[in-house]
Structure formats: structure tokens, C-alpha cells
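Okay, so here's the structure we're looking at.
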Amino acid sequence: MTVMAERTSSQLSVDMFERIAEFAAHEDETVRFEFIDGQIGLKKVTNGNHGAITMWLIRHCMRAQPDLDLNPTQGLKIGAYRNGRARPDGVLAPVDHFVGHGEWADPDGVLMVVEITSYDSDTHRRDRVEKPQAYGEAGIPVHLLIDRDRMKVVVHSDPDSRIGYHNIRVVELGEKVTLPDPVGFELDTEDLKGYVD
């Protein structure tokens, strides 16, 4: 679940955001912060179905591409001039790609990011608008959105630093969908219908 803080009249610096996020992580393990488009977002611990989708994707990625990891905890530097910080639900990259990178890594070398919608008031703006734009601007080749409340799977590809993504493919939850290169494998999303709240 993502909750947005109100926009303030002055922009928060990335350094200040990282100090706040680090302090919060030490104080409370149930929340994580994001910083996108000058706003702090609060990403709370997800429910069991959300976690089940993440684990389902991890298993499928490991079977299809054993030389890749789908990391559910890695934060990424995104946004213009790297002034944003996002916590995708999954980051697909070569095994050991993030070793030594710390909590916030550059998106270079990331093949795909995954977002799974939460049932809150900010889902539309954050998961369907802001994050696809930011991930495309950062040059991440594929962005997979599991949209639980709309019962859709959305695959964004062909990133563009100005507009986000050129290609957006939408399929019904339960259908097969091909994740384009450099990911390059197919997902049969039938099982995901059982994880919708």
C-alpha cells in the first residue's frame, strides 16, 4: 500500500530523503519510503496475496532465466538527474548485479521492474502513471504491472527518456503474455487470478 505525503512548498533534497528513509527503516520494519517527482511516498508492508504474486514471479523468472534474479527489496535511483528513489515490487537483473550497490542502485543493467497494485487511493497515480513514466525515462527496458483491481497485466517496453514507454500491451489476468527482450519469456497468468483480493 502506498500513501503519499503532501507536497511542500520547497523541494526536499535527495540526501535529506535518504537520511529520513534510513532512519525510518531502523525504527519500523513495516514501512519503506520512495521519493518520486519531489514527493515522499510511504510503501507499507503488503498483504499475503501481494506477496504471493511476488513469489510466483520469482519462481517463474528463476525457471525461465536461471542467470537472472528478481529482487523484491532493491531500491532504484530513478527520475530526472537521478533525483528519485523507487522501491519496485521486483527488479530483474543478472545474478549478483546489485552486490556492493547499497540500498539505492542505478538502473543501469536492470532488465525489468515489476509493480503489483495495492488497494489504496494512490494506486492509479503512482502505479499506472508516475512509475511507468519514471521507469521509462530511466531507460529500464521492460516494466511489468500486475493490476489486481482491474484484472489486467500491463507490459511496458521500448523506453524513451522523454515519454516513458512507446509500447504498452494490456492483457486480461489469466491470459499468456510474452515479456519482450531482453527478458524474453512468456508468463501464463492464469494462476494470478487466485491472488486477487
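Scheme for the C-alpha cells: letters A, B, ... for chains in order shown; per-chain residue numbers from 1; ligand numbers from 1 in order shown.
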**Study point:** Ile58 in chain A environment, 12 Å, only C-alpha atoms, sequence neighbours closer than 2 positions dropped, as a list of chain:residue names
**Key:**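 Within the cut-off, the hits are A:Gly51, A:Ala52, A:Ile53, A:Thr54, A:Met55, A:Trp56, A:His60, A:Cys61, A:Met62, A:Arg63, A:Ala64, A:Gln65, A:Pro66, A:Leu68, A:Asp69, A:Leu70, A:Asn71, A:Pro72, A:Asp89, A:Gly90, A:Val91, A:Leu92, A:Ala93, A:Val114, A:Leu187.
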With N, CA and C atoms kept, could you save the residues just selected as a PDB file, in the first residue's frame?
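Writing the result to out-v8.pdb gives the following:
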ATOM      1  N   GLY A  51       2.198 -10.537  -1.692  1.00  0.00           N
ATOM      2  CA  GLY A  51       3.437 -11.289  -1.523  1.00  0.00           C
ATOM      3  C   GLY A  51       3.439 -12.587  -2.316  1.00  0.00           C
ATOM      4  N   ALA A  52       2.271 -13.238  -2.411  1.00  0.00           N
ATOM      5  CA  ALA A  52       2.171 -14.489  -3.178  1.00  0.00           C
ATOM      6  C   ALA A  52       2.441 -14.236  -4.658  1.00  0.00           C
ATOM      7  N   ILE A  53       1.975 -13.103  -5.183  1.00  0.00           N
ATOM      8  CA  ILE A  53       2.255 -12.758  -6.580  1.00  0.00           C
ATOM      9  C   ILE A  53       3.749 -12.547  -6.780  1.00  0.00           C
ATOM     10  N   THR A  54       4.375 -11.848  -5.842  1.00  0.00           N
ATOM     11  CA  THR A  54       5.825 -11.623  -5.932  1.00  0.00           C
ATOM     12  C   THR A  54       6.564 -12.952  -5.958  1.00  0.00           C
ATOM     13  N   MET A  55       6.210 -13.861  -5.062  1.00  0.00           N
ATOM     14  CA  MET A  55       6.890 -15.159  -5.016  1.00  0.00           C
ATOM     15  C   MET A  55       6.615 -15.975  -6.282  1.00  0.00           C
ATOM     16  N   TRP A  56       5.400 -15.901  -6.811  1.00  0.00           N
ATOM     17  CA  TRP A  56       5.057 -16.584  -8.064  1.00  0.00           C
ATOM     18  C   TRP A  56       5.964 -16.090  -9.192  1.00  0.00           C
ATOM     19  N   HIS A  60       8.863 -18.112 -11.425  1.00  0.00           N
ATOM     20  CA  HIS A  60       8.812 -18.162 -12.894  1.00  0.00           C
ATOM     21  C   HIS A  60      10.073 -17.581 -13.525  1.00  0.00           C
ATOM     22  N   CYS A  61      10.574 -16.509 -12.975  1.00  0.00           N
ATOM     23  CA  CYS A  61      11.806 -15.916 -13.512  1.00  0.00           C
ATOM     24  C   CYS A  61      12.988 -16.859 -13.329  1.00  0.00           C
ATOM     25  N   MET A  62      13.072 -17.514 -12.183  1.00  0.00           N
ATOM     26  CA  MET A  62      14.185 -18.441 -11.934  1.00  0.00           C
ATOM     27  C   MET A  62      14.155 -19.621 -12.894  1.00  0.00           C
ATOM     28  N   ARG A  63      12.936 -20.134 -13.191  1.00  0.00           N
ATOM     29  CA  ARG A  63      12.829 -21.263 -14.127  1.00  0.00           C
ATOM     30  C   ARG A  63      13.162 -20.832 -15.558  1.00  0.00           C
ATOM     31  N   ALA A  64      12.667 -19.662 -15.949  1.00  0.00           N
ATOM     32  CA  ALA A  64      12.837 -19.207 -17.334  1.00  0.00           C
ATOM     33  C   ALA A  64      14.247 -18.692 -17.605  1.00  0.00           C
ATOM     34  N   GLN A  65      14.827 -17.998 -16.636  1.00  0.00           N
ATOM     35  CA  GLN A  65      16.147 -17.378 -16.810  1.00  0.00           C
ATOM     36  C   GLN A  65      16.971 -17.572 -15.537  1.00  0.00           C
ATOM     37  N   PRO A  66      17.590 -18.748 -15.338  1.00  0.00           N
ATOM     38  CA  PRO A  66      18.318 -19.006 -14.095  1.00  0.00           C
ATOM     39  C   PRO A  66      19.508 -18.082 -13.853  1.00  0.00           C
ATOM     40  N   LEU A  68      19.300 -14.918 -13.960  1.00  0.00           N
ATOM     41  CA  LEU A  68      18.740 -13.635 -13.521  1.00  0.00           C
ATOM     42  C   LEU A  68      18.110 -13.783 -12.141  1.00  0.00           C
ATOM     43  N   ASP A  69      18.112 -12.688 -11.381  1.00  0.00           N
ATOM     44  CA  ASP A  69      17.430 -12.619 -10.086  1.00  0.00           C
ATOM     45  C   ASP A  69      16.299 -11.604 -10.173  1.00  0.00           C
ATOM     46  N   LEU A  70      15.162 -11.926  -9.564  1.00  0.00           N
ATOM     47  CA  LEU A  70      14.094 -10.942  -9.376  1.00  0.00           C
ATOM     48  C   LEU A  70      14.137 -10.537  -7.911  1.00  0.00           C
ATOM     49  N   ASN A  71      14.700  -9.377  -7.656  1.00  0.00           N
ATOM     50  CA  ASN A  71      14.950  -8.907  -6.301  1.00  0.00           C
ATOM     51  C   ASN A  71      13.757  -8.078  -5.814  1.00  0.00           C
ATOM     52  N   PRO A  72      13.076  -8.511  -4.731  1.00  0.00           N
ATOM     53  CA  PRO A  72      11.906  -7.772  -4.253  1.00  0.00           C
ATOM     54  C   PRO A  72      12.224  -6.665  -3.258  1.00  0.00           C
ATOM     55  N   ASP A  89       8.284  -3.616  -6.725  1.00  0.00           N
ATOM     56  CA  ASP A  89       7.975  -4.902  -6.103  1.00  0.00           C
ATOM     57  C   ASP A  89       8.924  -5.988  -6.579  1.00  0.00           C
ATOM     58  N   GLY A  90       9.616  -5.752  -7.677  1.00  0.00           N
ATOM     59  CA  GLY A  90      10.626  -6.676  -8.168  1.00  0.00           C
ATOM     60  C   GLY A  90      11.535  -5.971  -9.163  1.00  0.00           C
ATOM     61  N   VAL A  91      12.822  -6.299  -9.104  1.00  0.00           N
ATOM     62  CA  VAL A  91      13.814  -5.752 -10.027  1.00  0.00           C
ATOM     63  C   VAL A  91      14.569  -6.931 -10.629  1.00  0.00           C
ATOM     64  N   LEU A  92      14.409  -7.134 -11.939  1.00  0.00           N
ATOM     65  CA  LEU A  92      15.058  -8.250 -12.627  1.00  0.00           C
ATOM     66  C   LEU A  92      16.389  -7.789 -13.202  1.00  0.00           C
ATOM     67  N   ALA A  93      17.454  -8.488 -12.809  1.00  0.00           N
ATOM     68  CA  ALA A  93      18.809  -8.152 -13.259  1.00  0.00           C
ATOM     69  C   ALA A  93      19.658  -9.419 -13.184  1.00  0.00           C
ATOM     70  N   VAL A 114       8.997  -4.654 -11.735  1.00  0.00           N
ATOM     71  CA  VAL A 114       7.648  -5.170 -11.535  1.00  0.00           C
ATOM     72  C   VAL A 114       6.945  -4.322 -10.486  1.00  0.00           C
ATOM     73  N   LEU A 187       4.757 -15.551 -19.752  1.00  0.00           N
ATOM     74  CA  LEU A 187       4.088 -15.835 -18.486  1.00  0.00           C
ATOM     75  C   LEU A 187       2.655 -16.246 -18.767  1.00  0.00           C
TER      76      LEU A 187
END
Practice item. Any chance you could list, as number ranges by chain, the residues in range 17-191 of chain A that come up strand (DSSP E or B) when DSSP is run on the backbone? Key: A: 31-36, 39-44, 68-71, 75-78, 84-86, 90-94, 104-105, 112-116, 142-147, 152-160, 164-172, 176-179, 185-188
Point to revise | Interatomic distance (Å, one decimal) between CA of Gly139 in chain A and CA of Lys176 in chain A | key: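 These two atoms are separated by 25.2 Å.
Picture a line from CA of Arg169 in chain A to CA of Ser157 in chain A; it runs 8.4 Å.
Every protein, DNA or RNA residue with an atom at most 12 Å from His101 in chain A, where only C-alpha atoms count and chain neighbours fewer than 5 positions away do not, is listed here: Gln74, Gly75, Leu76, Lys77, Asp96, Asp106, Pro107 and Asp108 of chain A.
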I need the chosen residues saved as a compact mmCIF listing (two decimals), in the first residue's frame, with N, CA and C atoms.
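part_34.txt, written as the output of this step:
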# COMPACT_ATOMS: atom_id res chain seq x y z
N GLN A 74 15.27 -4.37 -3.68
CA GLN A 74 16.25 -3.39 -4.16
C GLN A 74 15.58 -2.06 -4.52
N GLY A 75 16.11 -0.97 -3.95
CA GLY A 75 15.67 0.37 -4.32
C GLY A 75 16.45 0.85 -5.53
N LEU A 76 15.80 1.69 -6.34
CA LEU A 76 16.44 2.21 -7.56
C LEU A 76 16.45 3.74 -7.57
N LYS A 77 17.52 4.28 -8.15
CA LYS A 77 17.60 5.72 -8.41
C LYS A 77 16.92 5.96 -9.76
N ASP A 96 23.74 -11.38 -8.91
CA ASP A 96 24.78 -10.60 -8.22
C ASP A 96 24.98 -9.20 -8.79
N ASP A 106 21.75 2.43 -9.23
CA ASP A 106 21.45 2.97 -10.55
C ASP A 106 20.68 1.91 -11.34
N PRO A 107 19.79 2.33 -12.26
CA PRO A 107 19.03 1.36 -13.04
C PRO A 107 19.80 0.72 -14.18
N ASP A 108 21.05 1.15 -14.40
CA ASP A 108 21.85 0.56 -15.47
C ASP A 108 21.97 -0.95 -15.25
**Study point:** Length of the CA of Glu186 in chain A to CA of Lys152 in chain A vector [Å]
**Key:**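 Taking CA of Glu186 in chain A and CA of Lys152 in chain A, their separation equals 15.6 Å.
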